[in-house]
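Reading through the structure tokens given below for one structure.
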Amino acid sequence: MYKTSMIAKDLVAASSKPLVLSILADGESYGYEIIQKVRELSGGQIEWSDGMLYPVLHRLERDGLIDSQWKKSEAGRERKYYSLASEGQKTLIAERQQWLTVHNSLCKLWKLKLVSM
Amino acid sequence: MADGSQQPMQIMETKTRFDVTVAIEKWRLEVAAQPGLTSDNQHELETHLRESVDEFRKRGLNDEESFWLAYRRVGPPHQLSEEFSAADPRRIWRERAFWLALGYFAFQWLGLLCRLVLRSVLLLIPDWVGVYAPLWWSSIWMSTGTSAAFSLAVSVLPFVFLLLLVARGRGETIDFAARCLLRSRRRLILVGTVSVLVLNWLTFMSLRGSTGFALFLAGDSTIHYLVPLAVIAWLMPIQAKPSPAEAVTNS
């Protein structure tokens with residue numbers, strides 16, 4: 001049966017877009033850091049395989065939601081940094097609405113506190 | 001004596017010592033050999049692997065442990081290639097073209113089969129029946145294989161046949177047959193070519209007044225089926241095989 005501690009694969013895939021966009025809304029970041037951040041935020045319950053993230057990032061970039069740029073970090077390490085494009089900003093607002101609607105519907109059913117949209 | 005017994009041990013140690021730079025270089029070459037990964041993709045993955053190795057080292061793991069853990073996290077190269085190319089529009093369109101070509105071939109093939117079956121049935125009817133048959137019937141009979149109405153009926157038959165199968169809940173049978181046929185390129189070409197040649201030969205035999213086997217082979221009916229078959233085989237998505245390095249990590 002389902003392991004209660006890990007999020008189902010479909011849900012992980014569906015939530016990757018709002019998660020990436022929201023992380024980049026806080027400022028530019030690179031693949032490795034994004035994965036670490038997601039792991040940290042979810043308390044290790046959302047485990048993204050590294051190979052899964054990059055196709056997601058590249059698709060978002062192709063769709064014009066994020067931009068990318070190779071840069072050297074202070075330690076001299078070269079990394080590909082991603083940042084939120086203006087189109088991504090709009091998409092993030094829409095995504096937020098949708099996810100909160102789902103969230104609040106479930107909260108009502110489970111008699112939990114609602115989140116203001 | 002003591003020196004002599006120590007020396008082989010030292011040699012063994014240097015032989016098995018793990019060099020993380022060499023390991024990353026090997027990994028890089030393996031990734032570079034995968035289809036569907038651009039050099040930019042490869043470079044990005046390499047920086048990711050290095051970052052991951054460094055993190056494990058900081059946690060106090062040795063070079064070898066750090067490398068293999070990072071390797072595992074990034075994922076095996078063939079899987080990376082699959083994940084990357086699954087999101088690649090070129091691959092998506094290639095797959096669509098593949099199904100289109102396969103659909104065309106299946107359609108033609110089923111049409112060939114239906115035409116053959118119908119012709120055989122008509123051939124079984126003795127000639128004298130035509131004399132007593134109503135006019136509309138003999139006109140159909142005479143024009144078998146040439147009339148537009150007959151071609152249309154034959155073209156629709158495969159669809160009706162497939163729809164009937166689906167409607168009767170035999171979707172899984174179709175799926176299973178397709179899976180068996182599409183397991184390898186060689187099998188598809190072999191089964192496709194042999195079946196087309198056999199069907200074409202039987203059709204040829206059923207036609208009265210046709211001459212020459214060479215004519216049959218050179219006939220455009222063969223080209224109609226074998227050329228699409230070659231296109232299908234060329235477009236067919238092939239599953240990457242796991243590399244030896246992954247067998248090590250998986251064990």
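Going by the structure tokens order, chains are called A, B, ..., each with residues numbered from 1, while ligands are numbered from 1 in the order shown.
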Please determine the contact residues of chain B with respect to chain A at a cut-off of 8 Å, counting only C-alpha atoms, and supply them as a PDB file with C-alpha atoms, in the first residue's frame.
ATOM      1  CA  GLU B  44      24.675  21.334 -15.980  1.00  0.00           C
ATOM      2  CA  THR B  47      28.127  20.744 -11.997  1.00  0.00           C
ATOM      3  CA  HIS B  48      25.271  19.124 -10.101  1.00  0.00           C
ATOM      4  CA  GLU B  51      28.159  19.817  -5.981  1.00  0.00           C
ATOM      5  CA  SER B  52      26.622  16.645  -4.629  1.00  0.00           C
ATOM      6  CA  ARG B  73      21.165  10.708  -6.577  1.00  0.00           C
ATOM      7  CA  VAL B  74      21.737  12.192 -10.004  1.00  0.00           C
ATOM      8  CA  GLY B  75      20.514   8.958 -11.543  1.00  0.00           C
ATOM      9  CA  GLN B  79      17.682   7.147 -17.228  1.00  0.00           C
ATOM     10  CA  LEU B  80      18.804  10.770 -17.376  1.00  0.00           C
ATOM     11  CA  GLU B  83      13.953  11.760 -18.655  1.00  0.00           C
ATOM     12  CA  PHE B  84      15.516  14.585 -20.623  1.00  0.00           C
ATOM     13  CA  ALA B  87      10.422  16.382 -22.408  1.00  0.00           C
TER      14      ALA B  87
END
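For B:Ala106, the list of residues within 10 Å, based on only C-alpha atoms and with local chain neighbours fewer than 3 positions off taken out, reads Leu100, Ala101, Leu102, Gly103, Trp109, Leu110, Gly111, Leu112, Pro158, Gly192, Tyr225, Pro228 and Leu229 of chain B.
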Would you put the residues from that selection into a file with C-alpha atoms, as a PDB file, in the first residue's frame?
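Done, and the output landed in result-v6.pdb:
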ATOM      1  CA  LEU B 100       1.130   7.988 -37.766  1.00  0.00           C
ATOM      2  CA  ALA B 101       3.306   5.762 -39.974  1.00  0.00           C
ATOM      3  CA  LEU B 102       2.310   2.693 -37.970  1.00  0.00           C
ATOM      4  CA  GLY B 103      -1.366   3.598 -38.324  1.00  0.00           C
ATOM      5  CA  TRP B 109      -2.221  -4.123 -44.157  1.00  0.00           C
ATOM      6  CA  LEU B 110      -5.740  -4.756 -42.898  1.00  0.00           C
ATOM      7  CA  GLY B 111      -7.085  -3.443 -46.205  1.00  0.00           C
ATOM      8  CA  LEU B 112      -4.903  -5.951 -48.046  1.00  0.00           C
ATOM      9  CA  PRO B 158     -10.243  -2.271 -40.769  1.00  0.00           C
ATOM     10  CA  GLY B 192       5.804  -6.996 -41.373  1.00  0.00           C
ATOM     11  CA  TYR B 225       3.735  -1.586 -47.634  1.00  0.00           C
ATOM     12  CA  PRO B 228       6.131   2.661 -44.706  1.00  0.00           C
ATOM     13  CA  LEU B 229       7.505  -0.332 -42.790  1.00  0.00           C
TER      14      LEU B 229
END
Query raised in the report: Hey, what does DSSP flag as alpha helix (DSSP H) within stretch 61-165 of chain B? Can you give it to me as a ChimeraX atom specification?
Result: /B:63-74,77-86,89-124,128-132,135-142,148-165
Quick one: write out the picked residues with C-alpha atoms as a PDB file, in the first residue's frame?
ATOM      1  CA  ASP B  63      35.769  10.077  -1.972  1.00  0.00           C
ATOM      2  CA  GLU B  64      34.404   6.747  -3.144  1.00  0.00           C
ATOM      3  CA  GLU B  65      31.314   6.810  -0.951  1.00  0.00           C
ATOM      4  CA  SER B  66      30.661  10.429  -1.862  1.00  0.00           C
ATOM      5  CA  PHE B  67      30.913   9.711  -5.573  1.00  0.00           C
ATOM      6  CA  TRP B  68      28.617   6.691  -5.589  1.00  0.00           C
ATOM      7  CA  LEU B  69      26.007   8.391  -3.405  1.00  0.00           C
ATOM      8  CA  ALA B  70      26.059  11.440  -5.661  1.00  0.00           C
ATOM      9  CA  TYR B  71      25.919   9.172  -8.722  1.00  0.00           C
ATOM     10  CA  ARG B  72      22.867   7.449  -7.311  1.00  0.00           C
ATOM     11  CA  ARG B  73      21.165  10.708  -6.577  1.00  0.00           C
ATOM     12  CA  VAL B  74      21.737  12.192 -10.004  1.00  0.00           C
ATOM     13  CA  PRO B  77      22.992   8.115 -17.386  1.00  0.00           C
ATOM     14  CA  HIS B  78      20.527   6.121 -19.524  1.00  0.00           C
ATOM     15  CA  GLN B  79      17.682   7.147 -17.228  1.00  0.00           C
ATOM     16  CA  LEU B  80      18.804  10.770 -17.376  1.00  0.00           C
ATOM     17  CA  SER B  81      18.776  10.610 -21.134  1.00  0.00           C
ATOM     18  CA  GLU B  82      15.259   9.172 -21.098  1.00  0.00           C
ATOM     19  CA  GLU B  83      13.953  11.760 -18.655  1.00  0.00           C
ATOM     20  CA  PHE B  84      15.516  14.585 -20.623  1.00  0.00           C
ATOM     21  CA  SER B  85      14.376  13.431 -24.024  1.00  0.00           C
ATOM     22  CA  ALA B  86      10.842  12.635 -22.810  1.00  0.00           C
ATOM     23  CA  PRO B  89       9.676  18.331 -28.466  1.00  0.00           C
ATOM     24  CA  ARG B  90      11.752  16.640 -31.182  1.00  0.00           C
ATOM     25  CA  ARG B  91      11.248  13.288 -29.498  1.00  0.00           C
ATOM     26  CA  ILE B  92       7.544  13.954 -28.968  1.00  0.00           C
ATOM     27  CA  TRP B  93       7.097  14.696 -32.671  1.00  0.00           C
ATOM     28  CA  ARG B  94       9.190  11.712 -33.646  1.00  0.00           C
ATOM     29  CA  GLU B  95       6.878   9.538 -31.606  1.00  0.00           C
ATOM     30  CA  ARG B  96       3.805  11.086 -33.178  1.00  0.00           C
ATOM     31  CA  ALA B  97       5.259  10.497 -36.653  1.00  0.00           C
ATOM     32  CA  PHE B  98       5.961   6.900 -35.633  1.00  0.00           C
ATOM     33  CA  TRP B  99       2.342   6.265 -34.637  1.00  0.00           C
ATOM     34  CA  LEU B 100       1.130   7.988 -37.766  1.00  0.00           C
ATOM     35  CA  ALA B 101       3.306   5.762 -39.974  1.00  0.00           C
ATOM     36  CA  LEU B 102       2.310   2.693 -37.970  1.00  0.00           C
ATOM     37  CA  GLY B 103      -1.366   3.598 -38.324  1.00  0.00           C
ATOM     38  CA  TYR B 104      -0.947   4.023 -42.070  1.00  0.00           C
ATOM     39  CA  PHE B 105       0.787   0.662 -42.370  1.00  0.00           C
ATOM     40  CA  ALA B 106      -1.760  -1.169 -40.182  1.00  0.00           C
ATOM     41  CA  PHE B 107      -4.549   0.417 -42.208  1.00  0.00           C
ATOM     42  CA  GLN B 108      -3.011  -0.689 -45.525  1.00  0.00           C
ATOM     43  CA  TRP B 109      -2.221  -4.123 -44.157  1.00  0.00           C
ATOM     44  CA  LEU B 110      -5.740  -4.756 -42.898  1.00  0.00           C
ATOM     45  CA  GLY B 111      -7.085  -3.443 -46.205  1.00  0.00           C
ATOM     46  CA  LEU B 112      -4.903  -5.951 -48.046  1.00  0.00           C
ATOM     47  CA  LEU B 113      -6.179  -8.756 -45.841  1.00  0.00           C
ATOM     48  CA  CYS B 114      -9.819  -7.753 -46.282  1.00  0.00           C
ATOM     49  CA  ARG B 115      -9.423  -7.457 -50.046  1.00  0.00           C
ATOM     50  CA  LEU B 116      -7.881 -10.913 -50.182  1.00  0.00           C
ATOM     51  CA  VAL B 117     -10.614 -12.482 -48.068  1.00  0.00           C
ATOM     52  CA  LEU B 118     -13.363 -10.851 -50.131  1.00  0.00           C
ATOM     53  CA  ARG B 119     -11.765 -11.907 -53.400  1.00  0.00           C
ATOM     54  CA  SER B 120     -11.383 -15.484 -52.200  1.00  0.00           C
ATOM     55  CA  VAL B 121     -15.025 -15.587 -51.210  1.00  0.00           C
ATOM     56  CA  LEU B 122     -16.068 -14.256 -54.607  1.00  0.00           C
ATOM     57  CA  LEU B 123     -13.820 -16.762 -56.389  1.00  0.00           C
ATOM     58  CA  LEU B 124     -15.572 -19.589 -54.592  1.00  0.00           C
ATOM     59  CA  TRP B 128     -22.851 -19.747 -63.753  1.00  0.00           C
ATOM     60  CA  VAL B 129     -24.267 -17.915 -60.696  1.00  0.00           C
ATOM     61  CA  GLY B 130     -23.424 -14.680 -62.512  1.00  0.00           C
ATOM     62  CA  VAL B 131     -25.701 -15.592 -65.348  1.00  0.00           C
ATOM     63  CA  TYR B 132     -28.748 -15.885 -63.065  1.00  0.00           C
ATOM     64  CA  LEU B 135     -27.671  -7.085 -62.705  1.00  0.00           C
ATOM     65  CA  TRP B 136     -26.514  -5.036 -59.673  1.00  0.00           C
ATOM     66  CA  TRP B 137     -24.854  -8.096 -58.202  1.00  0.00           C
ATOM     67  CA  SER B 138     -22.925  -9.027 -61.318  1.00  0.00           C
ATOM     68  CA  SER B 139     -21.789  -5.442 -61.770  1.00  0.00           C
ATOM     69  CA  ILE B 140     -20.309  -5.508 -58.259  1.00  0.00           C
ATOM     70  CA  TRP B 141     -18.833  -8.878 -58.949  1.00  0.00           C
ATOM     71  CA  MET B 142     -17.214  -7.830 -62.190  1.00  0.00           C
ATOM     72  CA  ALA B 148     -14.446   3.123 -55.980  1.00  0.00           C
ATOM     73  CA  ALA B 149     -17.281   1.734 -53.867  1.00  0.00           C
ATOM     74  CA  PHE B 150     -15.385  -1.482 -53.308  1.00  0.00           C
ATOM     75  CA  SER B 151     -12.162   0.353 -52.335  1.00  0.00           C
ATOM     76  CA  LEU B 152     -14.103   2.502 -49.919  1.00  0.00           C
ATOM     77  CA  ALA B 153     -15.771  -0.508 -48.311  1.00  0.00           C
ATOM     78  CA  VAL B 154     -12.391  -2.215 -47.953  1.00  0.00           C
ATOM     79  CA  SER B 155     -10.832   0.925 -46.454  1.00  0.00           C
ATOM     80  CA  VAL B 156     -13.558   1.164 -43.847  1.00  0.00           C
ATOM     81  CA  LEU B 157     -13.438  -2.508 -42.892  1.00  0.00           C
ATOM     82  CA  PRO B 158     -10.243  -2.271 -40.769  1.00  0.00           C
ATOM     83  CA  PHE B 159     -11.820   0.514 -38.718  1.00  0.00           C
ATOM     84  CA  VAL B 160     -14.996  -1.466 -38.220  1.00  0.00           C
ATOM     85  CA  PHE B 161     -12.923  -4.471 -37.213  1.00  0.00           C
ATOM     86  CA  LEU B 162     -10.882  -2.451 -34.659  1.00  0.00           C
ATOM     87  CA  LEU B 163     -13.989  -0.724 -33.301  1.00  0.00           C
ATOM     88  CA  LEU B 164     -15.698  -4.091 -32.875  1.00  0.00           C
ATOM     89  CA  LEU B 165     -12.720  -5.400 -30.926  1.00  0.00           C
TER      90      LEU B 165
END
Requested in this report: Do a neighbour search on A:Glu28 at 7 Å with only C-alpha atoms, toss out local chain neighbours closer than 6 positions, and write the hits as an MDAnalysis selection string.
Outcome: chainID A and resid 81:83
Query raised in the report: With only C-alpha atoms as the atoms that count, which of B:Gln42, B:Asn62, B:Thr193, B:Thr21 lies nearest to B:Ala233?
Result: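 Checking each candidate against B:Ala233, we get B:Thr193 as the closest.
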Residues within 9 Å of stretch 93-99 of chain A, only C-alpha atoms, excluding chain neighbours under 2 positions, as an mmCIF file with N, CA and C atoms, in the first residue's frame:
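Dumped to result_3.cif:
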data_model
loop_
_atom_site.group_PDB
_atom_site.id
_atom_site.type_symbol
_atom_site.label_atom_id
_atom_site.label_comp_id
_atom_site.auth_asym_id
_atom_site.auth_seq_id
_atom_site.Cartn_x
_atom_site.Cartn_y
_atom_site.Cartn_z
ATOM 1 N N SER A 15 3.075 19.018 -8.512
ATOM 2 C CA SER A 15 3.427 20.152 -7.657
ATOM 3 C C SER A 15 4.779 20.759 -8.023
ATOM 4 N N LYS A 17 5.799 22.319 -10.669
ATOM 5 C CA LYS A 17 5.737 23.640 -11.302
ATOM 6 C C LYS A 17 5.538 24.768 -10.264
ATOM 7 N N PRO A 18 4.473 24.692 -9.413
ATOM 8 C CA PRO A 18 4.315 25.768 -8.431
ATOM 9 C C PRO A 18 5.489 25.845 -7.455
ATOM 10 N N GLY A 88 6.250 34.079 -15.864
ATOM 11 C CA GLY A 88 6.237 33.122 -14.751
ATOM 12 C C GLY A 88 5.542 33.683 -13.528
ATOM 13 N N GLN A 89 5.715 34.966 -13.340
ATOM 14 C CA GLN A 89 5.075 35.653 -12.215
ATOM 15 C C GLN A 89 3.550 35.511 -12.315
ATOM 16 N N LYS A 90 3.048 35.743 -13.530
ATOM 17 C CA LYS A 90 1.594 35.650 -13.756
ATOM 18 C C LYS A 90 1.118 34.209 -13.544
ATOM 19 N N THR A 91 1.892 33.277 -14.080
ATOM 20 C CA THR A 91 1.517 31.861 -13.952
ATOM 21 C C THR A 91 1.498 31.454 -12.484
ATOM 22 N N THR A 101 -7.421 26.667 -3.867
ATOM 23 C CA THR A 101 -8.804 26.199 -4.016
ATOM 24 C C THR A 101 -8.898 24.717 -3.646
ATOM 25 N N VAL A 102 -7.971 23.941 -4.181
ATOM 26 C CA VAL A 102 -7.943 22.512 -3.855
ATOM 27 C C VAL A 102 -7.724 22.323 -2.360
ATOM 28 N N HIS A 103 -6.754 23.065 -1.848
ATOM 29 C CA HIS A 103 -6.404 22.973 -0.433
ATOM 30 C C HIS A 103 -7.604 23.299 0.465
ATOM 31 N N ASN A 104 -8.276 24.401 0.135
ATOM 32 C CA ASN A 104 -9.399 24.821 0.971
ATOM 33 C C ASN A 104 -10.596 23.867 0.878
ATOM 34 N N MET A 117 -7.267 33.385 0.431
ATOM 35 C CA MET A 117 -6.708 33.314 -0.918
ATOM 36 C C MET A 117 -6.210 34.666 -1.421
#
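Distances from A:Asp26, A:Ile7, A:Ser116, A:Leu106 to A:Gly44 were compared using only C-alpha atoms, and the smallest one belongs to A:Ile7.
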